[in-house]
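Asker: Below you'll find entry_25.txt; it's compact mmCIF, C-alpha atoms.
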# COMPACT_ATOMS: atom_id res chain seq x y z
CA MET A 1 102.58 94.78 72.19
CA SER A 2 102.03 93.05 75.49
CA ILE A 3 104.95 92.51 77.86
CA PHE A 4 105.82 91.98 81.48
CA ILE A 5 108.61 94.18 82.72
CA SER A 6 110.43 94.69 85.97
CA HIS A 7 112.66 97.34 84.36
CA PRO A 8 110.39 99.12 81.82
CA PRO A 9 112.08 100.31 78.64
CA ALA A 10 112.56 104.01 78.02
CA ALA A 11 110.01 104.94 76.29
CA LEU A 12 91.94 113.03 77.66
CA VAL A 13 89.10 112.83 78.15
CA LEU A 14 91.86 114.55 80.18
CA LEU A 15 90.39 116.33 83.16
CA LEU A 16 90.88 116.62 86.92
CA THR A 17 92.70 113.48 87.94
CA LEU A 18 93.82 112.22 91.37
CA ALA A 19 93.30 111.47 94.99
CA GLY A 20 93.75 113.12 98.35
CA PRO A 21 92.86 112.56 102.01
CA ALA A 22 89.71 110.62 102.83
CA GLN A 23 87.37 111.64 105.62
CA ALA A 24 85.47 109.55 108.12
CA THR A 25 82.06 108.15 107.29
CA SER A 26 79.32 110.63 108.13
CA SER A 27 76.41 109.47 110.26
CA SER A 28 74.09 111.84 108.35
CA SER A 29 74.28 109.82 105.14
CA GLU A 30 71.19 108.05 103.81
CA VAL A 31 71.23 105.08 101.43
CA THR A 32 68.50 103.80 99.12
CA GLU A 33 68.73 100.72 96.89
CA THR A 34 67.32 99.89 93.46
CA VAL A 35 67.56 96.34 92.12
CA ILE A 36 67.75 95.96 88.35
CA LYS A 37 68.65 93.29 85.80
CA GLU A 38 67.10 90.33 87.61
CA GLY A 39 68.87 91.07 90.85
CA ARG A 40 72.42 90.87 89.47
CA ILE A 41 72.87 94.65 89.55
CA LEU A 42 72.13 96.77 92.60
CA ASP A 43 72.15 100.57 92.31
CA LEU A 44 72.73 102.66 95.42
CA THR A 45 71.86 106.31 95.93
CA ILE A 46 73.68 107.91 98.83
CA ALA A 47 72.86 111.35 100.24
CA SER A 48 76.12 112.59 101.71
CA PRO A 49 77.37 115.91 103.12
CA LEU A 50 80.68 115.30 101.31
CA ILE A 51 79.21 115.94 97.85
CA ASP A 52 76.66 118.39 96.48
CA VAL A 53 74.61 115.82 94.52
CA PRO A 54 73.31 112.33 95.42
CA GLY A 55 76.12 109.78 95.16
CA LYS A 56 75.26 107.04 92.68
CA VAL A 57 76.96 103.63 92.86
CA ARG A 58 76.32 100.49 90.81
CA LEU A 59 77.16 97.10 92.31
CA LEU A 60 77.55 93.99 90.16
CA LEU A 61 76.80 91.12 92.52
CA PRO A 62 78.64 87.78 92.44
CA PRO A 63 76.89 84.40 92.34
CA GLY A 64 75.44 83.45 95.71
CA TYR A 65 75.76 86.95 97.08
CA SER A 66 73.81 87.93 100.17
CA LYS A 67 74.09 90.96 102.44
CA THR A 68 73.41 88.63 105.36
CA ALA A 69 76.11 86.08 104.49
CA THR A 70 78.82 85.31 107.03
CA ARG A 71 81.56 85.41 104.39
CA ARG A 72 83.04 88.45 102.61
CA TRP A 73 83.76 88.94 98.92
CA PRO A 74 86.81 90.31 97.11
CA VAL A 75 86.11 93.64 95.43
CA LEU A 76 86.88 95.16 92.03
CA TRP A 77 86.36 98.91 91.63
CA LEU A 78 85.76 100.16 88.06
CA LEU A 79 86.01 103.93 87.54
CA HIS A 80 84.44 105.77 84.62
CA GLY A 81 85.99 108.55 82.54
CA GLY A 82 85.36 112.26 82.23
CA GLY A 83 81.78 113.06 81.28
CA GLY A 84 80.71 109.48 82.07
CA SER A 85 78.65 107.94 84.83
CA TYR A 86 78.35 104.97 87.18
CA THR A 87 76.35 103.06 84.55
CA ASP A 88 79.06 103.19 81.86
CA TRP A 89 80.91 99.99 82.66
CA THR A 90 77.73 97.90 82.26
CA ALA A 91 75.93 100.00 79.63
CA GLN A 92 78.96 100.42 77.34
CA GLY A 93 81.82 98.41 78.83
CA ASP A 94 80.12 94.98 78.92
CA ALA A 95 81.47 94.54 82.46
CA ASP A 96 78.73 92.11 83.53
CA ALA A 97 79.60 89.73 80.68
CA ILE A 98 83.36 90.16 81.12
CA VAL A 99 83.22 89.54 84.87
CA GLY A 100 80.84 86.64 84.28
CA THR A 101 80.51 84.27 87.21
CA ARG A 102 83.74 85.31 88.91
CA ASP A 103 83.47 85.44 92.68
CA VAL A 104 83.90 89.20 93.05
CA LEU A 105 81.79 92.19 94.08
CA VAL A 106 82.21 94.89 91.42
CA VAL A 107 81.82 98.51 92.55
CA MET A 108 81.17 101.22 89.93
CA PRO A 109 80.86 104.63 91.61
CA ASP A 110 79.80 107.88 90.01
CA THR A 111 82.10 110.83 90.43
CA GLY A 112 79.91 113.70 89.31
CA THR A 113 80.29 115.93 86.27
CA CYS A 114 83.00 118.02 87.91
CA SER A 115 85.09 115.76 90.12
CA GLY A 116 88.34 114.25 88.92
CA TYR A 117 88.31 111.66 91.75
CA MET A 118 89.57 114.28 94.17
CA ASP A 119 88.60 116.71 96.91
CA TRP A 120 88.51 120.27 95.63
CA LYS A 121 90.72 122.67 97.56
CA ASP A 122 88.54 125.78 97.97
CA PRO A 123 86.38 125.29 101.09
CA GLY A 124 84.09 128.10 99.97
CA LEU A 125 82.70 126.02 97.11
CA PRO A 126 79.80 123.58 97.44
CA PRO A 127 81.21 120.25 98.67
CA HIS A 128 83.15 118.39 95.97
CA LYS A 129 84.86 115.80 98.17
CA TRP A 130 84.44 112.81 95.89
CA GLU A 131 87.68 111.19 96.91
CA SER A 132 86.67 111.38 100.56
CA PHE A 133 83.24 110.05 99.63
CA HIS A 134 84.70 107.07 97.71
CA MET A 135 87.65 106.16 99.89
CA GLY A 136 86.04 107.04 103.20
CA GLU A 137 82.28 106.88 103.30
CA LEU A 138 81.60 104.44 100.45
CA TYR A 139 84.55 102.19 101.31
CA ASP A 140 83.28 101.88 104.89
CA LEU A 141 79.69 101.36 103.78
CA LEU A 142 80.69 98.49 101.50
CA LYS A 143 82.58 96.77 104.30
CA ASN A 144 79.95 97.40 106.96
CA GLU A 145 76.78 96.75 104.97
CA TYR A 146 77.62 94.90 101.75
CA ARG A 147 80.12 92.22 102.85
CA ALA A 148 83.12 93.71 101.04
CA GLY A 149 86.39 92.06 102.01
CA ASP A 150 89.93 93.35 102.41
CA ARG A 151 91.16 91.96 99.06
CA GLN A 152 90.37 94.76 96.63
CA ALA A 153 91.56 95.85 93.18
CA ILE A 154 90.86 99.00 91.16
CA ALA A 155 90.84 99.94 87.48
CA GLY A 156 89.60 102.86 85.40
CA LEU A 157 89.58 104.46 81.99
CA SER A 158 90.79 107.92 80.95
CA MET A 159 90.12 110.24 83.93
CA GLY A 160 89.24 107.09 85.87
CA GLY A 161 92.59 105.54 84.94
CA GLY A 162 94.31 108.43 86.68
CA GLY A 163 91.84 108.06 89.52
CA ALA A 164 92.57 104.35 89.91
CA ILE A 165 96.34 104.85 90.02
CA GLY A 166 95.88 107.83 92.32
CA TYR A 167 93.62 106.02 94.79
CA ALA A 168 95.98 103.05 94.91
CA ALA A 169 98.95 105.35 95.52
CA ARG A 170 97.26 107.59 98.08
CA PHE A 171 95.97 104.62 100.05
CA PRO A 172 98.92 102.21 99.88
CA GLY A 173 98.05 98.66 100.82
CA ARG A 174 94.32 99.11 100.29
CA PHE A 175 94.38 97.75 96.73
CA THR A 176 96.35 94.66 95.79
CA ALA A 177 96.20 95.61 92.08
CA ALA A 178 95.55 98.72 90.00
CA ALA A 179 95.07 99.27 86.27
CA SER A 180 94.93 102.31 84.01
CA PHE A 181 93.27 102.07 80.60
CA SER A 182 94.14 105.17 78.53
CA GLY A 183 94.60 106.91 81.87
CA ALA A 184 95.32 110.59 82.53
CA LEU A 185 98.51 110.08 84.55
CA ASP A 186 100.23 113.49 84.50
CA ASN A 187 98.65 116.91 85.08
CA ASP A 188 101.90 118.52 83.87
CA TYR A 189 102.08 116.66 80.56
CA PRO A 190 103.27 119.21 77.94
CA GLY A 191 101.83 117.50 74.88
CA ASN A 192 103.69 116.16 71.85
CA PRO A 193 102.35 113.67 71.15
CA GLY A 194 98.82 114.90 71.69
CA LEU A 195 97.59 117.84 73.72
CA PRO A 196 98.92 119.55 76.86
CA ALA A 197 97.12 118.32 79.97
CA MET A 198 96.70 121.87 81.18
CA ALA A 199 94.47 122.72 78.21
CA ALA A 200 92.04 119.98 79.21
CA ILE A 201 92.21 120.83 82.92
CA ALA A 202 91.55 124.52 82.29
CA SER A 203 88.66 123.84 79.89
CA GLY A 204 87.17 121.37 82.38
CA ALA A 205 87.34 123.92 85.19
CA LEU A 206 85.75 126.56 82.95
CA ALA A 207 82.92 124.18 82.04
CA CYS A 208 82.32 123.60 85.76
CA GLY A 209 82.18 127.33 86.50
CA VAL A 210 85.33 127.47 88.63
CA THR A 211 89.02 128.23 88.24
CA VAL A 212 91.87 125.74 88.22
CA GLU A 213 93.14 127.32 91.45
CA GLN A 214 89.82 126.70 93.20
CA ILE A 215 90.20 123.02 92.45
CA TYR A 216 93.96 122.49 92.84
CA GLY A 217 95.36 125.62 94.43
CA PRO A 218 98.39 127.15 92.69
CA VAL A 219 99.59 125.21 89.66
CA GLY A 220 102.76 123.36 90.66
CA GLY A 221 102.02 123.81 94.35
CA GLU A 222 101.75 121.15 97.05
CA TYR A 223 98.06 120.45 96.51
CA TRP A 224 98.47 120.34 92.72
CA ASN A 225 101.34 117.86 93.06
CA ARG A 226 99.51 115.70 95.58
CA TYR A 227 96.72 115.23 93.06
CA ASN A 228 99.05 114.46 90.16
CA PRO A 229 99.50 110.70 89.64
CA LYS A 230 103.07 111.03 88.40
CA HIS A 231 104.19 112.32 91.82
CA SER A 232 102.77 109.30 93.67
CA LEU A 233 104.18 106.38 91.68
CA ALA A 234 106.71 105.37 94.35
CA ALA A 235 103.81 104.56 96.69
CA LEU A 236 102.68 101.80 94.30
CA ARG A 237 105.50 99.45 95.25
CA GLY A 238 103.97 96.09 96.09
CA THR A 239 100.82 96.75 94.01
CA ARG A 240 100.25 94.66 90.87
CA LEU A 241 100.15 97.26 88.11
CA TYR A 242 98.78 97.25 84.58
CA ILE A 243 99.06 100.23 82.22
CA ALA A 244 97.47 100.06 78.78
CA THR A 245 96.98 102.60 76.03
CA GLY A 246 96.62 102.95 72.30
CA ASP A 247 98.95 105.35 70.54
CA GLY A 248 96.20 107.25 68.73
CA GLN A 249 98.06 107.23 65.43
CA ALA A 250 96.30 107.10 62.08
CA GLY A 251 96.16 103.58 60.68
CA LYS A 252 94.65 100.18 61.36
CA ASP A 253 96.00 97.12 63.09
CA GLN A 254 95.69 93.60 61.68
CA ALA A 255 92.20 93.27 63.16
CA GLY A 256 91.06 96.42 61.38
CA VAL A 257 91.00 98.53 64.54
CA GLY A 258 91.74 102.23 64.14
CA ASN A 259 91.22 104.99 61.62
CA PRO A 260 93.42 104.96 58.51
CA LEU A 261 93.28 108.76 58.04
CA LEU A 262 92.78 110.52 61.37
CA VAL A 263 94.85 110.64 64.54
CA ASP A 264 93.15 110.64 67.96
CA PRO A 265 94.76 113.51 69.93
CA VAL A 266 93.29 112.42 73.26
CA GLU A 267 94.70 108.91 72.96
CA GLN A 268 98.00 110.39 71.76
CA SER A 269 98.08 112.46 74.95
CA VAL A 270 97.42 109.58 77.33
CA TYR A 271 99.94 107.50 75.39
CA GLY A 272 102.57 110.14 76.08
CA MET A 273 101.62 110.15 79.75
CA ALA A 274 101.69 106.36 79.94
CA THR A 275 105.17 106.07 78.44
CA GLN A 276 106.49 108.63 80.92
CA ALA A 277 104.88 106.76 83.83
CA ILE A 278 106.33 103.48 82.57
CA ASP A 279 109.80 105.03 82.44
CA LYS A 280 109.43 106.42 85.96
CA LEU A 281 108.27 103.10 87.37
CA GLY A 282 111.29 101.51 85.71
CA GLU A 283 113.59 104.00 87.42
CA LEU A 284 111.92 103.07 90.71
CA ASP A 285 112.34 99.35 89.95
CA ILE A 286 108.60 98.76 90.36
CA PRO A 287 107.31 95.91 88.15
CA LEU A 288 104.22 96.26 86.00
CA ARG A 289 102.47 94.89 82.97
CA VAL A 290 102.24 97.10 79.90
CA HIS A 291 100.04 96.82 76.81
CA ILE A 292 100.60 99.44 74.09
CA LYS A 293 98.46 99.07 70.96
CA PRO A 294 99.29 100.82 67.69
CA PHE A 295 96.37 102.74 66.15
CA HIS A 296 93.95 102.10 69.02
CA ARG A 297 91.77 105.02 70.03
CA HIS A 298 90.07 106.60 73.04
CA ASP A 299 86.95 104.44 72.85
CA TRP A 300 84.99 101.62 74.43
CA PRO A 301 86.26 98.79 72.20
CA ASN A 302 89.73 99.65 73.49
CA TRP A 303 88.67 99.67 77.15
CA GLN A 304 86.49 96.57 76.94
CA GLY A 305 89.46 94.69 75.53
CA GLU A 306 91.69 95.87 78.34
CA LEU A 307 89.27 94.79 81.04
CA ARG A 308 89.11 91.35 79.42
CA ARG A 309 92.88 91.22 79.17
CA SER A 310 93.60 92.31 82.74
CA ILE A 311 90.74 91.05 84.89
CA ASP A 312 92.36 87.80 86.02
CA SER A 313 95.55 89.63 86.93
CA LEU A 314 93.56 92.28 88.79
CA LEU A 315 91.77 89.60 90.79
CA GLY A 316 94.91 87.54 91.34
CA THR A 317 93.44 84.47 89.64
What would you get if you wrote out this structure as structure tokens?
Answerer:
Amino acid sequence: MSIFISHPPAALVLLLTLAGPAQATSSSSEVTETVIKEGRILDLTIASPLIDVPGKVRLLLPPGYSKTATRRWPVLWLLHGGGGSYTDWTAQGDADAIVGTRDVLVVMPDTGTCSGYMDWKDPGLPPHKWESFHMGELYDLLKNEYRAGDRQAIAGLSMGGGGAIGYAARFPGRFTAAASFSGALDNDYPGNPGLPAMAAIASGALACGVTVEQIYGPVGGEYWNRYNPKHSLAALRGTRLYIATGDGQAGKDQAGVGNPLLVDPVEQSVYGMATQAIDKLGELDIPLRVHIKPFHRHDWPNWQGELRRSIDSLLGT
């Protein structure tokens, strides 16, 4: 179903999911550029002290774009999911075709294998300050060097859906619109439907060679809550919001989408998170658009469709 609501009805890859304080741009950063796809796509590599690997960023350039232009362009950030990369939205998401000739600079940042669009808490670890890198250093670089304007929107899938909502909430007023596609919106989600969020968070930390406490501090503590999207929803007042998810149930819709025999536990989980977030936004009297799709799964056909469905709303056109 697709509806617009100002009072929502009652109603992974899950991994490390939200946003915290950004830091100032570091003068020790170095940027290199690689032009691909006949000049329409520009890849940046940024050496930064905020992160322990080179920061990769893909820019999809609008028609007539020039770094030396006097004008500035509106910006759309597209965030990838857990285990993905900065190339996903063009390599798998068809973003260049979906965006088409729209007058917008699209920013697709990497967030590393072990990130969660956040700054890790333990200062003794190698630097994992991806949120500070994105919302501080990269944000400033785009404005100072790549003609990014003040009108910006953000969207993401799965882990990136939680990241998009988190960034918009933690930096109120920076993004005019935010969208979550199958987003991980609640670190405390108990499961049913789907899996507990903590199972995914703990397995993700283990895969990265750290503990949950090194990333978030004590579970349920101040740092944990600050990086949990569900605790920041009130800060989204005034932001155009779009939340979309499949329900992960076995079956097919009228277009033949889905699996008639198997459930998708990851999409079931984010569906449960989404319905809780929708209810909370309703309690806060914050309007949003909602698209819930029976039988849709945690996959690229789902997310491509949602970018097509929401892009004009995200850009305010």
Asker: Would you mind reading off the distance between atom CA of Ala164 of chain A and atom CA of Tyr65 of chain A, one decimal, in Å?
Answerer: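 One can read the atom CA of Ala164 of chain A to atom CA of Tyr65 of chain A distance as 25.2 Å.
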Asker: If we draw a sphere of 8 Å around (67.1, 101.9, 96.9), which residues have at least one atom in it when counting all atoms listed in the file? Please report them as number ranges by chain.
Answerer: A: 31-35, 43-45
Asker: Using all atoms listed in the file, what table do you get, as a tab-separated table, when you list each residue of segment 77-142 of chain A with an atom no more than 10 Å from segment 220-228 of chain A, its nearest pair of atoms, and their distance in Å rounded to one decimal, rows by chain then rising number?
Answerer:
residue	atom	partner	partner_atom	distance
A:Gly116	CA	A:Tyr227	CA	9.4
A:Tyr117	CA	A:Tyr227	CA	9.2
A:Met118	CA	A:Tyr227	CA	7.3
A:Asp119	CA	A:Tyr227	CA	9.1
A:Trp120	CA	A:Tyr223	CA	9.6
A:Lys121	CA	A:Tyr223	CA	7.7
Asker: Work out how far apart atom CA of His231 of chain A and atom CA of Asp186 of chain A are and give it in Å to one decimal.
Answerer: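 If I compute the distance from atom CA of His231 of chain A to atom CA of Asp186 of chain A, I get 8.4 Å.
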Asker: Using all atoms listed in the file, what residues lie at most 6 Å away from (102.3, 104.8, 97.1) (file coordinates), given as an NGL selection string?
Answerer: :A and (169-170 or 172 or 232-236)
Asker: Residues of the last selection are to be written out with C-alpha atoms, as a PDB file, in the coordinates of the input.
Answerer:
ATOM      1  CA  ALA A 169      98.950 105.350  95.520  1.00  0.00           C
ATOM      2  CA  ARG A 170      97.260 107.590  98.080  1.00  0.00           C
ATOM      3  CA  PRO A 172      98.920 102.210  99.880  1.00  0.00           C
ATOM      4  CA  SER A 232     102.770 109.300  93.670  1.00  0.00           C
ATOM      5  CA  LEU A 233     104.180 106.380  91.680  1.00  0.00           C
ATOM      6  CA  ALA A 234     106.710 105.370  94.350  1.00  0.00           C
ATOM      7  CA  ALA A 235     103.810 104.560  96.690  1.00  0.00           C
ATOM      8  CA  LEU A 236     102.680 101.800  94.300  1.00  0.00           C
TER       9      LEU A 236
END
Asker: Can you work out the spacing between atom CA of Cys114 of chain A and atom CA of Ala274 of chain A in Å, to one decimal?
Answerer: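 These two atoms are separated by 23.4 Å.
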Asker: Taking only C-alpha atoms into account, which of A:Met108, A:Leu76, A:Met273, A:Val53 comes nearest Pro193 of chain A?
Answerer: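 Looking at the shortest contact to Pro193 of chain A, the residue is A:Met273.
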Asker: List as JSON lines every residue of segment 58-138 of chain A that is in contact with segment 153-161 of chain A, defined as an atom at most 9 Å from one of its atoms (using only C-alpha atoms), together with the nearest atom pair and the distance in Å rounded to one decimal, sorted by chain and then rising number.
Answerer:
{"residue": "A:Pro74", "atom": "CA", "partner": "A:Ala153", "partner_atom": "CA", "distance": 8.3}
{"residue": "A:Val75", "atom": "CA", "partner": "A:Ala153", "partner_atom": "CA", "distance": 6.3}
{"residue": "A:Leu76", "atom": "CA", "partner": "A:Ala153", "partner_atom": "CA", "distance": 4.9}
{"residue": "A:Trp77", "atom": "CA", "partner": "A:Ile154", "partner_atom": "CA", "distance": 4.5}
{"residue": "A:Leu78", "atom": "CA", "partner": "A:Ala155", "partner_atom": "CA", "distance": 5.1}
{"residue": "A:Leu79", "atom": "CA", "partner": "A:Gly156", "partner_atom": "CA", "distance": 4.3}
{"residue": "A:His80", "atom": "CA", "partner": "A:Gly160", "partner_atom": "CA", "distance": 5.1}
{"residue": "A:Gly81", "atom": "CA", "partner": "A:Met159", "partner_atom": "CA", "distance": 4.7}
{"residue": "A:Gly82", "atom": "CA", "partner": "A:Met159", "partner_atom": "CA", "distance": 5.4}
{"residue": "A:Gly116", "atom": "CA", "partner": "A:Met159", "partner_atom": "CA", "distance": 6.6}
{"residue": "A:Tyr117", "atom": "CA", "partner": "A:Gly160", "partner_atom": "CA", "distance": 7.5}
Asker: Env of Trp300 of chain A: 7 Å cut, atoms = only C-alpha atoms, seq-sep filter 3 positions within chain, self excluded. Answer as a ChimeraX atom specification.
Answerer: /A:92-93,303-304
Asker: Excluding same-chain residues fewer than 3 positions from Ala244 of chain A, what lies within 12 Å of it counting only C-alpha atoms, as a ChimeraX atom specification?
Answerer: /A:1-4,155-158,161-162,178-185,241,247,267,270-275,277-278,288-294,296-298,302-307,309-310
